[in-house]
>>> print(open('query03.pdb').read())   # PDB, C-alpha atoms
ATOM      1  CA  MET A   1      -2.232 -91.302 -39.296
ATOM      2  CA  LYS A   2      -3.111 -87.806 -40.465
ATOM      3  CA  ARG A   3       0.453 -86.676 -39.836
ATOM      4  CA  VAL A   4       1.833 -89.595 -41.805
ATOM      5  CA  PHE A   5      -0.491 -88.762 -44.696
ATOM      6  CA  LEU A   6       0.520 -85.104 -44.648
ATOM      7  CA  LEU A   7       4.208 -86.030 -44.544
ATOM      8  CA  LEU A   8       3.769 -88.443 -47.447
ATOM      9  CA  PHE A   9       1.841 -85.812 -49.422
ATOM     10  CA  SER A  10       4.591 -83.255 -48.811
ATOM     11  CA  VAL A  11       7.280 -85.635 -50.008
ATOM     12  CA  ILE A  12       5.317 -86.475 -53.159
ATOM     13  CA  PHE A  13       4.543 -82.795 -53.799
ATOM     14  CA  CYS A  14       8.162 -81.710 -53.392
ATOM     15  CA  ALA A  15       9.349 -84.555 -55.588
ATOM     16  CA  GLY A  16       6.836 -83.492 -58.206
ATOM     17  CA  VAL A  17       8.036 -79.902 -58.075
ATOM     18  CA  PHE A  18      11.640 -81.059 -58.350
ATOM     19  CA  ILE A  19      10.868 -83.233 -61.367
ATOM     20  CA  SER A  20       8.869 -80.434 -62.960
ATOM     21  CA  CYS A  21      11.668 -77.922 -62.434
ATOM     22  CA  ALA A  22      14.259 -80.362 -63.692
ATOM     23  CA  LYS A  23      12.195 -80.974 -66.804
ATOM     24  CA  LYS A  24      11.879 -77.273 -67.414
ATOM     25  CA  ASP A  25      15.585 -76.732 -66.928
ATOM     26  CA  ASN A  26      16.778 -79.805 -68.795
ATOM     27  CA  GLY A  27      13.966 -80.635 -71.187
ATOM     28  CA  GLN A  28      12.307 -79.150 -74.206
ATOM     29  CA  ASN A  29      12.270 -75.544 -72.951
ATOM     30  CA  VAL A  30      16.073 -75.318 -72.932
ATOM     31  CA  LEU A  31      17.801 -74.029 -76.055
ATOM     32  CA  THR A  32      21.531 -74.784 -76.179
ATOM     33  CA  VAL A  33      23.645 -72.804 -78.634
ATOM     34  CA  ALA A  34      27.398 -73.001 -79.229
ATOM     35  CA  ALA A  35      28.821 -69.632 -80.262
ATOM     36  CA  SER A  36      31.981 -67.673 -80.959
ATOM     37  CA  PRO A  37      32.662 -64.910 -78.410
ATOM     38  CA  GLU A  38      32.028 -61.793 -80.500
ATOM     39  CA  PRO A  39      29.743 -60.745 -81.970
ATOM     40  CA  HIS A  40      27.842 -64.036 -81.836
ATOM     41  CA  LYS A  41      27.605 -64.571 -78.074
ATOM     42  CA  ALA A  42      26.791 -60.895 -77.472
ATOM     43  CA  ILE A  43      23.971 -60.966 -80.034
ATOM     44  CA  LEU A  44      22.555 -64.135 -78.479
ATOM     45  CA  GLU A  45      22.663 -62.614 -75.009
ATOM     46  CA  LEU A  46      20.706 -59.672 -76.373
ATOM     47  CA  VAL A  47      17.701 -61.896 -77.164
ATOM     48  CA  ALA A  48      17.826 -64.128 -74.063
ATOM     49  CA  ASP A  49      15.070 -62.141 -72.327
ATOM     50  CA  ASP A  50      12.876 -62.253 -75.430
ATOM     51  CA  LEU A  51      13.132 -66.034 -75.466
ATOM     52  CA  ALA A  52      12.511 -66.215 -71.732
ATOM     53  CA  LYS A  53       9.138 -64.527 -72.311
ATOM     54  CA  GLU A  54       8.282 -67.567 -74.437
ATOM     55  CA  ASN A  55       9.460 -69.902 -71.649
ATOM     56  CA  ILE A  56      12.640 -70.799 -73.525
ATOM     57  CA  ILE A  57      15.828 -70.902 -71.481
ATOM     58  CA  LEU A  58      18.800 -69.904 -73.650
ATOM     59  CA  LYS A  59      22.070 -71.559 -72.663
ATOM     60  CA  ILE A  60      25.141 -70.337 -74.558
ATOM     61  CA  THR A  61      28.412 -72.256 -74.631
ATOM     62  CA  GLU A  62      31.408 -70.283 -75.878
ATOM     63  CA  PHE A  63      33.826 -71.853 -78.353
ATOM     64  CA  THR A  64      36.885 -70.324 -80.015
ATOM     65  CA  ASP A  65      37.462 -72.793 -82.831
ATOM     66  CA  TYR A  66      35.593 -73.765 -86.002
ATOM     67  CA  ILE A  67      35.395 -77.529 -85.428
ATOM     68  CA  THR A  68      34.047 -78.275 -81.945
ATOM     69  CA  PRO A  69      30.772 -76.315 -82.365
ATOM     70  CA  ASN A  70      29.837 -78.411 -85.408
ATOM     71  CA  GLU A  71      30.751 -81.636 -83.636
ATOM     72  CA  ALA A  72      28.547 -80.582 -80.719
ATOM     73  CA  VAL A  73      25.531 -79.943 -82.962
ATOM     74  CA  GLU A  74      25.955 -83.133 -84.993
ATOM     75  CA  SER A  75      26.203 -85.221 -81.807
ATOM     76  CA  GLY A  76      23.198 -83.511 -80.223
ATOM     77  CA  GLU A  77      25.203 -82.002 -77.379
ATOM     78  CA  GLN A  78      24.097 -78.572 -78.611
ATOM     79  CA  LEU A  79      20.888 -77.856 -80.506
ATOM     80  CA  ALA A  80      22.434 -75.083 -82.621
ATOM     81  CA  ASN A  81      25.568 -73.092 -83.226
ATOM     82  CA  PHE A  82      26.249 -69.552 -84.339
ATOM     83  CA  PHE A  83      29.646 -68.793 -85.865
ATOM     84  CA  GLN A  84      29.774 -69.861 -89.514
ATOM     85  CA  HIS A  85      28.488 -69.168 -93.010
ATOM     86  CA  VAL A  86      26.854 -71.606 -95.423
ATOM     87  CA  PRO A  87      29.911 -72.280 -97.664
ATOM     88  CA  TYR A  88      31.964 -73.291 -94.616
ATOM     89  CA  MET A  89      29.137 -75.436 -93.245
ATOM     90  CA  GLU A  90      28.647 -77.228 -96.560
ATOM     91  CA  SER A  91      32.386 -77.849 -96.881
ATOM     92  CA  PHE A  92      32.431 -79.229 -93.324
ATOM     93  CA  ASN A  93      29.450 -81.487 -94.077
ATOM     94  CA  ASN A  94      31.174 -82.885 -97.160
ATOM     95  CA  GLU A  95      34.434 -83.469 -95.357
ATOM     96  CA  HIS A  96      32.976 -85.110 -92.235
ATOM     97  CA  GLY A  97      29.720 -86.630 -93.467
ATOM     98  CA  TYR A  98      27.699 -84.308 -91.213
ATOM     99  CA  HIS A  99      24.094 -83.203 -91.678
ATOM    100  CA  LEU A 100      24.072 -79.531 -90.706
ATOM    101  CA  VAL A 101      21.683 -77.030 -92.293
ATOM    102  CA  SER A 102      21.008 -73.319 -91.986
ATOM    103  CA  ALA A 103      17.987 -72.212 -89.973
ATOM    104  CA  GLY A 104      18.439 -68.554 -90.947
ATOM    105  CA  ASN A 105      20.827 -65.662 -91.682
ATOM    106  CA  VAL A 106      21.825 -63.129 -89.042
ATOM    107  CA  HIS A 107      24.783 -60.975 -90.112
ATOM    108  CA  VAL A 108      27.852 -60.606 -92.296
ATOM    109  CA  GLU A 109      31.350 -60.022 -90.942
ATOM    110  CA  PRO A 110      33.400 -58.666 -93.836
ATOM    111  CA  LEU A 111      36.751 -60.391 -94.292
ATOM    112  CA  ALA A 112      39.700 -57.984 -94.488
ATOM    113  CA  LEU A 113      43.440 -57.841 -95.074
ATOM    114  CA  TYR A 114      45.286 -56.239 -92.159
ATOM    115  CA  SER A 115      48.907 -55.284 -91.617
ATOM    116  CA  SER A 116      50.869 -53.998 -88.638
ATOM    117  CA  LYS A 117      53.675 -52.883 -90.982
ATOM    118  CA  TYR A 118      51.905 -51.112 -93.826
ATOM    119  CA  LYS A 119      49.249 -48.421 -94.078
ATOM    120  CA  SER A 120      48.152 -49.114 -97.655
ATOM    121  CA  MET A 121      48.207 -51.858-100.268
ATOM    122  CA  SER A 122      50.774 -49.928-102.322
ATOM    123  CA  GLU A 123      53.400 -50.422 -99.592
ATOM    124  CA  PHE A 124      53.521 -54.211 -99.953
ATOM    125  CA  LYS A 125      56.798 -55.451-101.404
ATOM    126  CA  ALA A 126      57.785 -58.379-103.586
ATOM    127  CA  GLY A 127      58.280 -61.538-101.547
ATOM    128  CA  ASP A 128      56.132 -60.389 -98.591
ATOM    129  CA  THR A 129      54.351 -63.034 -96.529
ATOM    130  CA  ILE A 130      50.568 -62.938 -96.177
ATOM    131  CA  ALA A 131      48.842 -65.183 -93.630
ATOM    132  CA  ILE A 132      45.460 -66.658 -94.582
ATOM    133  CA  PRO A 133      42.958 -68.973 -92.802
ATOM    134  CA  ASN A 134      43.799 -72.655 -93.182
ATOM    135  CA  ASP A 135      40.234 -73.997 -93.279
ATOM    136  CA  PRO A 136      39.218 -74.702 -96.900
ATOM    137  CA  THR A 137      36.305 -72.283 -97.278
ATOM    138  CA  ASN A 138      37.836 -69.234 -95.605
ATOM    139  CA  GLU A 139      41.168 -69.871 -97.300
ATOM    140  CA  ALA A 140      39.419 -69.699-100.669
ATOM    141  CA  ARG A 141      37.488 -66.642 -99.515
ATOM    142  CA  ALA A 142      40.768 -64.912 -98.601
ATOM    143  CA  LEU A 143      42.376 -65.782-101.922
ATOM    144  CA  LEU A 144      39.306 -64.570-103.819
ATOM    145  CA  LEU A 145      39.582 -61.266-101.942
ATOM    146  CA  LEU A 146      43.193 -60.855-103.108
ATOM    147  CA  ASP A 147      42.216 -61.962-106.608
ATOM    148  CA  SER A 148      39.474 -59.283-106.709
ATOM    149  CA  ILE A 149      42.093 -56.542-107.075
ATOM    150  CA  ASN A 150      44.474 -58.628-109.211
ATOM    151  CA  LEU A 151      47.008 -58.937-106.427
ATOM    152  CA  ILE A 152      47.062 -62.552-107.545
ATOM    153  CA  MET A 153      45.288 -64.393-110.364
ATOM    154  CA  LEU A 154      43.502 -67.641-109.546
ATOM    155  CA  ARG A 155      42.831 -70.449-111.980
ATOM    156  CA  ASN A 156      39.625 -69.714-113.843
ATOM    157  CA  GLY A 157      36.516 -71.226-112.248
ATOM    158  CA  VAL A 158      38.213 -72.550-109.125
ATOM    159  CA  GLY A 159      35.889 -70.522-106.864
ATOM    160  CA  LEU A 160      35.423 -71.696-103.276
ATOM    161  CA  ALA A 161      37.787 -74.616-103.796
ATOM    162  CA  ALA A 162      40.765 -72.275-104.255
ATOM    163  CA  THR A 163      44.046 -72.997-102.498
ATOM    164  CA  PRO A 164      47.475 -71.404-102.948
ATOM    165  CA  GLN A 165      48.179 -74.159-105.508
ATOM    166  CA  ASP A 166      45.487 -72.606-107.727
ATOM    167  CA  ILE A 167      47.339 -69.299-108.038
ATOM    168  CA  GLU A 168      48.277 -68.960-111.702
ATOM    169  CA  GLU A 169      49.845 -65.520-111.473
ATOM    170  CA  ASN A 170      51.607 -63.983-108.487
ATOM    171  CA  PRO A 171      53.392 -60.889-109.871
ATOM    172  CA  SER A 172      54.821 -59.853-106.494
ATOM    173  CA  ASN A 173      55.815 -63.396-105.564
ATOM    174  CA  PHE A 174      53.911 -63.229-102.277
ATOM    175  CA  ALA A 175      54.348 -66.153 -99.895
ATOM    176  CA  PHE A 176      51.166 -67.469 -98.285
ATOM    177  CA  LYS A 177      51.201 -68.853 -94.766
ATOM    178  CA  GLU A 178      48.196 -71.028 -93.915
ATOM    179  CA  ILE A 179      47.244 -70.585 -90.250
ATOM    180  CA  GLU A 180      44.270 -71.502 -88.047
ATOM    181  CA  ALA A 181      41.767 -68.637 -88.275
ATOM    182  CA  ALA A 182      41.634 -68.009 -84.506
ATOM    183  CA  THR A 183      45.414 -67.543 -84.392
ATOM    184  CA  LEU A 184      45.671 -64.964 -87.191
ATOM    185  CA  PRO A 185      45.397 -61.807 -85.024
ATOM    186  CA  ARG A 186      48.230 -63.085 -82.809
ATOM    187  CA  VAL A 187      50.608 -63.618 -85.734
ATOM    188  CA  LEU A 188      49.828 -60.309 -87.440
ATOM    189  CA  SER A 189      53.076 -58.746 -86.214
ATOM    190  CA  ASP A 190      55.082 -61.728 -87.481
ATOM    191  CA  VAL A 191      53.941 -61.447 -91.099
ATOM    192  CA  ASP A 192      53.567 -58.621 -93.581
ATOM    193  CA  GLY A 193      49.812 -58.978 -93.805
ATOM    194  CA  ALA A 194      46.995 -61.284 -92.710
ATOM    195  CA  VAL A 195      43.487 -61.891 -94.005
ATOM    196  CA  ILE A 196      41.345 -62.198 -90.864
ATOM    197  CA  ASN A 197      37.738 -63.193 -90.290
ATOM    198  CA  GLY A 198      35.591 -60.562 -88.613
ATOM    199  CA  ASN A 199      34.739 -62.631 -85.538
ATOM    200  CA  TYR A 200      38.461 -62.895 -84.708
ATOM    201  CA  ALA A 201      39.404 -59.388 -85.831
ATOM    202  CA  ILE A 202      36.852 -57.656 -83.588
ATOM    203  CA  PRO A 203      38.063 -59.071 -80.218
ATOM    204  CA  ALA A 204      41.604 -58.180 -81.298
ATOM    205  CA  GLY A 205      40.572 -54.530 -81.638
ATOM    206  CA  LEU A 206      40.702 -54.503 -85.429
ATOM    207  CA  SER A 207      38.113 -52.618 -87.456
ATOM    208  CA  ALA A 208      37.591 -53.646 -91.069
ATOM    209  CA  ALA A 209      36.567 -50.100 -92.001
ATOM    210  CA  LYS A 210      39.410 -48.342 -90.154
ATOM    211  CA  ASP A 211      42.235 -50.880 -90.221
ATOM    212  CA  GLY A 212      41.466 -53.086 -93.199
ATOM    213  CA  LEU A 213      43.644 -52.398 -96.230
ATOM    214  CA  LEU A 214      41.401 -54.533 -98.415
ATOM    215  CA  VAL A 215      37.836 -55.272 -97.300
ATOM    216  CA  GLU A 216      35.215 -57.674 -98.564
ATOM    217  CA  GLY A 217      32.101 -55.935 -99.875
ATOM    218  CA  LYS A 218      29.007 -55.572 -97.707
ATOM    219  CA  ASP A 219      27.051 -57.605-100.256
ATOM    220  CA  SER A 220      29.114 -60.677 -99.382
ATOM    221  CA  PRO A 221      27.248 -63.987 -99.676
ATOM    222  CA  TYR A 222      28.978 -65.221 -96.529
ATOM    223  CA  ALA A 223      26.215 -64.420 -94.036
ATOM    224  CA  ASN A 224      26.673 -65.914 -90.577
ATOM    225  CA  ILE A 225      23.883 -68.345 -89.774
ATOM    226  CA  ILE A 226      22.207 -70.326 -87.049
ATOM    227  CA  ALA A 227      23.182 -73.901 -87.933
ATOM    228  CA  VAL A 228      21.318 -76.981 -86.718
ATOM    229  CA  LYS A 229      21.302 -80.677 -87.495
ATOM    230  CA  GLN A 230      18.949 -81.488 -90.363
ATOM    231  CA  GLY A 231      15.456 -82.050 -89.013
ATOM    232  CA  ASN A 232      15.798 -79.515 -86.196
ATOM    233  CA  GLU A 233      15.298 -76.398 -88.326
ATOM    234  CA  ASN A 234      11.561 -76.484 -87.572
ATOM    235  CA  ASP A 235      11.978 -76.991 -83.832
ATOM    236  CA  PRO A 236       9.820 -74.323 -82.100
ATOM    237  CA  ARG A 237      12.816 -73.189 -80.059
ATOM    238  CA  ILE A 238      14.851 -72.612 -83.221
ATOM    239  CA  LYS A 239      11.949 -70.811 -84.893
ATOM    240  CA  ALA A 240      11.690 -68.529 -81.852
ATOM    241  CA  LEU A 241      15.437 -67.896 -81.891
ATOM    242  CA  ILE A 242      15.465 -66.916 -85.573
ATOM    243  CA  LYS A 243      12.496 -64.600 -85.046
ATOM    244  CA  ALA A 244      14.297 -62.912 -82.143
ATOM    245  CA  LEU A 245      17.590 -62.603 -84.042
ATOM    246  CA  GLN A 246      15.984 -61.210 -87.203
ATOM    247  CA  SER A 247      14.284 -58.420 -85.290
ATOM    248  CA  ASP A 248      14.526 -54.640 -85.410
ATOM    249  CA  LYS A 249      16.068 -54.834 -81.938
ATOM    250  CA  VAL A 250      19.025 -56.858 -83.209
ATOM    251  CA  ARG A 251      19.333 -54.790 -86.383
ATOM    252  CA  LYS A 252      19.543 -51.599 -84.323
ATOM    253  CA  TYR A 253      22.087 -53.171 -81.969
ATOM    254  CA  ILE A 254      24.365 -54.231 -84.832
ATOM    255  CA  VAL A 255      24.202 -50.856 -86.575
ATOM    256  CA  GLU A 256      24.895 -48.939 -83.358
ATOM    257  CA  LYS A 257      27.519 -51.339 -81.990
ATOM    258  CA  TYR A 258      29.447 -51.553 -85.265
ATOM    259  CA  PRO A 259      28.992 -48.188 -87.000
ATOM    260  CA  ASN A 260      32.080 -48.765 -89.146
ATOM    261  CA  GLY A 261      30.633 -51.831 -90.811
ATOM    262  CA  GLU A 262      32.626 -54.520 -89.000
ATOM    263  CA  VAL A 263      29.324 -56.382 -88.678
ATOM    264  CA  VAL A 264      26.370 -55.853 -91.060
ATOM    265  CA  PRO A 265      22.783 -57.166 -90.686
ATOM    266  CA  ALA A 266      21.944 -59.870 -93.216
ATOM    267  CA  PHE A 267      18.137 -59.929 -92.889
TER     268      PHE A 267
END
>>> encode(input="query03.pdb", output="structure tokens")
Amino acid sequence: MKRVFLLLFSVIFCAGVFISCAKKDNGQNVLTVAASPEPHKAILELVADDLAKENIILKITEFTDYITPNEAVESGEQLANFFQHVPYMESFNNEHGYHLVSAGNVHVEPLALYSSKYKSMSEFKAGDTIAIPNDPTNEARALLLLDSINLIMLRNGVGLAATPQDIEENPSNFAFKEIEAATLPRVLSDVDGAVINGNYAIPAGLSAAKDGLLVEGKDSPYANIIAVKQGNENDPRIKALIKALQSDKVRKYIVEKYPNGEVVPAF
């Protein structure tokens, strides 16, 4: 009888441990974040140990597009994502009826115009083709960058809603090719120039400071954020993540990793 009791106790104890471990690994202590490869995933990995000290298990899922990470957060598959700025998020919310909000700023990745054919803006010729991101917010951002030096003139007041149809003056008759942001580095050799987001330029070996012919200012309002579904911004796991990301440790990492300003702290 004693043996039976001990065996029963062992089974119950082991089951309890299993359930406890499963809860820890799959319950409230797990923080799931969808992220672009670089610099987002690398920055998240940098703070994984800091979160672990607070009994938070950071699980990062890598994505290479701008749509799936938002779908994952809206559906609850992921608690947060790290790849976008507020103007893009708000445009996405409006277009899809989503409820994403910013939990905090982390960094800015200056947008830049690159070319594999030319070494300076003065070399561009009439009729050249410039590739730009095809998502609404970054397309407008690219056009505003070109407008900032009067390469083109956009319709007054169009702002972040700008599309090539809003170009009122195009003295050099440039052609604009709208392409998915992730694909831009791969088509750089097929066009005369391309305006590329920092998170896609960096893995392609492009430096905004060294290779960019026209670079967005470091005071850009397009800070990359931790995005969550509305209501989750006060989740203790998210609060801990923001605290870890807005730390001197992360600031130092960004400054040392990207000394040429490809990535700039935004906190």
>>> residues_around(input="query03.pdb", residues="Asn138 in chain A", least_positions_apart="3", cutoff="12 Å", atoms="all atoms listed in the file", output="number ranges by chain")
A: 66, 84-89, 91-92, 110-112, 131-135, 141-145, 159-163, 178-182, 195-198, 222
>>> residues_near_point(input="query03.pdb", point="(9.9, -64.2, -80.3)", cutoff="9 Å", atoms="all atoms listed in the file", output="NGL selection string")
:A and (47 or 50-51 or 53-54 or 239-245 or 247)
>>> closest_residue(input="query03.pdb", among="A:Ser102, A:Val187, A:Asn234, A:Pro265", to="Tyr253 in chain A", atoms="all atoms listed in the file")
A:Pro265
>>> resolve_selection(input="query03.pdb", expression="the PyMOL selection byres ((chain A and resi 108) around 6)", output="count of residues only")
6
>>> resolve_selection(input="query03.pdb", expression="the PyMOL selection byres ((chain A and resi 80) around 6)", output="JSON, numbers by chain")
{"A": [33, 73, 78, 79, 81, 227, 228]}
>>> atom_distance(input="query03.pdb", atom1="CA of Ile67 in chain A", atom2="CA of Pro185 in chain A")
18.6 Å
>>> atom_distance(input="query03.pdb", atom1="CA of Pro203 in chain A", atom2="CA of Thr61 in chain A")
17.3 Å
>>> atom_distance(input="query03.pdb", atom1="CA of Ile254 in chain A", atom2="CA of Leu46 in chain A")
10.7 Å
>>> resolve_selection(input="query03.pdb", expression="the PyMOL selection byres ((chain A and resi 171) around 9)", output="list in words")
Ala126, Leu151, Ile152, Met153, Glu169, Asn170, Ser172, Asn173 and Phe174 of chain A
>>> residues_around(input="query03.pdb", residues="Ser36 in chain A", least_positions_apart="2", cutoff="9 Å", atoms="all atoms listed in the file", output="list in words")
Ala34, Glu38, Pro39, His40, Lys41, Thr61, Glu62, Phe63, Thr64, Asp65, Tyr66, Pro69, Asn81, Phe82, Phe83, Asn199 and Tyr200 of chain A
>>> residues_around(input="query03.pdb", residues="Ser207 in chain A", least_positions_apart="4", cutoff="8 Å", atoms="only C-alpha atoms", output="list of chain:residue names")
A:Ala201, A:Ile202, A:Asp211, A:Gly212, A:Asn260, A:Glu262
>>> write_last_selection(input="query03.pdb", atoms="C-alpha atoms", output="compact mmCIF listing (two decimals), in the frame of the given file")
# COMPACT_ATOMS: atom_id res chain seq x y z
CA ALA A 201 39.40 -59.39 -85.83
CA ILE A 202 36.85 -57.66 -83.59
CA ASP A 211 42.24 -50.88 -90.22
CA GLY A 212 41.47 -53.09 -93.20
CA ASN A 260 32.08 -48.76 -89.15
CA GLU A 262 32.63 -54.52 -89.00
>>> axis_aligned_box(input="query03.pdb", around="range 192-208 of chain A", padding_each_side="3 Å", output="JSON")
{"center_x": 44.2, "center_y": -57.9, "center_z": -87.1, "size_x": 24.8, "size_y": 16.6, "size_z": 19.8}
>>> decode(input="query03.pdb", residues="range 82-139 of chain A", atoms="C-alpha atoms", output="PDB file, in the first residue's frame")
ATOM      1  CA  PHE A  82       9.158  45.538 -33.992  1.00  0.00           C
ATOM      2  CA  PHE A  83       9.700  46.773 -37.545  1.00  0.00           C
ATOM      3  CA  GLN A  84       7.572  49.845 -38.263  1.00  0.00           C
ATOM      4  CA  HIS A  85       7.038  53.515 -37.489  1.00  0.00           C
ATOM      5  CA  VAL A  86       3.842  55.217 -36.338  1.00  0.00           C
ATOM      6  CA  PRO A  87       2.776  56.712 -39.722  1.00  0.00           C
ATOM      7  CA  TYR A  88       2.938  53.262 -41.334  1.00  0.00           C
ATOM      8  CA  MET A  89       1.084  51.658 -38.425  1.00  0.00           C
ATOM      9  CA  GLU A  90      -1.679  54.265 -38.513  1.00  0.00           C
ATOM     10  CA  SER A  91      -2.042  53.885 -42.280  1.00  0.00           C
ATOM     11  CA  PHE A  92      -2.247  50.100 -41.848  1.00  0.00           C
ATOM     12  CA  ASN A  93      -4.877  50.474 -39.110  1.00  0.00           C
ATOM     13  CA  ASN A  94      -7.003  52.703 -41.333  1.00  0.00           C
ATOM     14  CA  GLU A  95      -6.717  50.401 -44.307  1.00  0.00           C
ATOM     15  CA  HIS A  96      -7.433  47.136 -42.467  1.00  0.00           C
ATOM     16  CA  GLY A  97      -9.536  48.230 -39.498  1.00  0.00           C
ATOM     17  CA  TYR A  98      -6.816  47.114 -37.067  1.00  0.00           C
ATOM     18  CA  HIS A  99      -6.225  48.368 -33.530  1.00  0.00           C
ATOM     19  CA  LEU A 100      -2.448  48.625 -33.211  1.00  0.00           C
ATOM     20  CA  VAL A 101      -0.777  51.221 -30.985  1.00  0.00           C
ATOM     21  CA  SER A 102       2.774  52.200 -30.119  1.00  0.00           C
ATOM     22  CA  ALA A 103       4.183  51.053 -26.786  1.00  0.00           C
ATOM     23  CA  GLY A 104       7.386  53.072 -27.228  1.00  0.00           C
ATOM     24  CA  ASN A 105      10.105  54.373 -29.578  1.00  0.00           C
ATOM     25  CA  VAL A 106      13.406  52.571 -30.062  1.00  0.00           C
ATOM     26  CA  HIS A 107      15.372  53.878 -33.055  1.00  0.00           C
ATOM     27  CA  VAL A 108      15.313  55.649 -36.399  1.00  0.00           C
ATOM     28  CA  GLU A 109      16.587  54.111 -39.627  1.00  0.00           C
ATOM     29  CA  PRO A 110      17.156  56.995 -42.031  1.00  0.00           C
ATOM     30  CA  LEU A 111      15.671  56.441 -45.480  1.00  0.00           C
ATOM     31  CA  ALA A 112      18.146  57.010 -48.323  1.00  0.00           C
ATOM     32  CA  LEU A 113      18.424  57.122 -52.099  1.00  0.00           C
ATOM     33  CA  TYR A 114      21.002  54.655 -53.419  1.00  0.00           C
ATOM     34  CA  SER A 115      22.387  53.981 -56.876  1.00  0.00           C
ATOM     35  CA  SER A 116      24.696  51.338 -58.313  1.00  0.00           C
ATOM     36  CA  LYS A 117      25.271  53.531 -61.390  1.00  0.00           C
ATOM     37  CA  TYR A 118      25.916  56.995 -59.996  1.00  0.00           C
ATOM     38  CA  LYS A 119      28.157  58.431 -57.299  1.00  0.00           C
ATOM     39  CA  SER A 120      26.301  61.712 -56.780  1.00  0.00           C
ATOM     40  CA  MET A 121      22.900  63.286 -57.341  1.00  0.00           C
ATOM     41  CA  SER A 122      24.316  65.497 -60.105  1.00  0.00           C
ATOM     42  CA  GLU A 123      24.919  62.436 -62.309  1.00  0.00           C
ATOM     43  CA  PHE A 124      21.228  61.555 -62.640  1.00  0.00           C
ATOM     44  CA  LYS A 125      19.890  62.099 -66.146  1.00  0.00           C
ATOM     45  CA  ALA A 126      16.529  63.089 -67.569  1.00  0.00           C
ATOM     46  CA  GLY A 127      14.209  60.105 -67.884  1.00  0.00           C
ATOM     47  CA  ASP A 128      16.024  57.973 -65.270  1.00  0.00           C
ATOM     48  CA  THR A 129      14.001  55.425 -63.311  1.00  0.00           C
ATOM     49  CA  ILE A 130      13.873  55.615 -59.517  1.00  0.00           C
ATOM     50  CA  ALA A 131      12.384  52.731 -57.523  1.00  0.00           C
ATOM     51  CA  ILE A 132      10.400  53.594 -54.386  1.00  0.00           C
ATOM     52  CA  PRO A 133       8.540  51.510 -51.743  1.00  0.00           C
ATOM     53  CA  ASN A 134       5.008  50.587 -52.784  1.00  0.00           C
ATOM     54  CA  ASP A 135       3.398  50.712 -49.332  1.00  0.00           C
ATOM     55  CA  PRO A 136       1.524  54.020 -48.901  1.00  0.00           C
ATOM     56  CA  THR A 137       3.446  55.522 -45.980  1.00  0.00           C
ATOM     57  CA  ASN A 138       6.983  54.722 -47.115  1.00  0.00           C
ATOM     58  CA  GLU A 139       6.146  55.679 -50.688  1.00  0.00           C
TER      59      GLU A 139
END
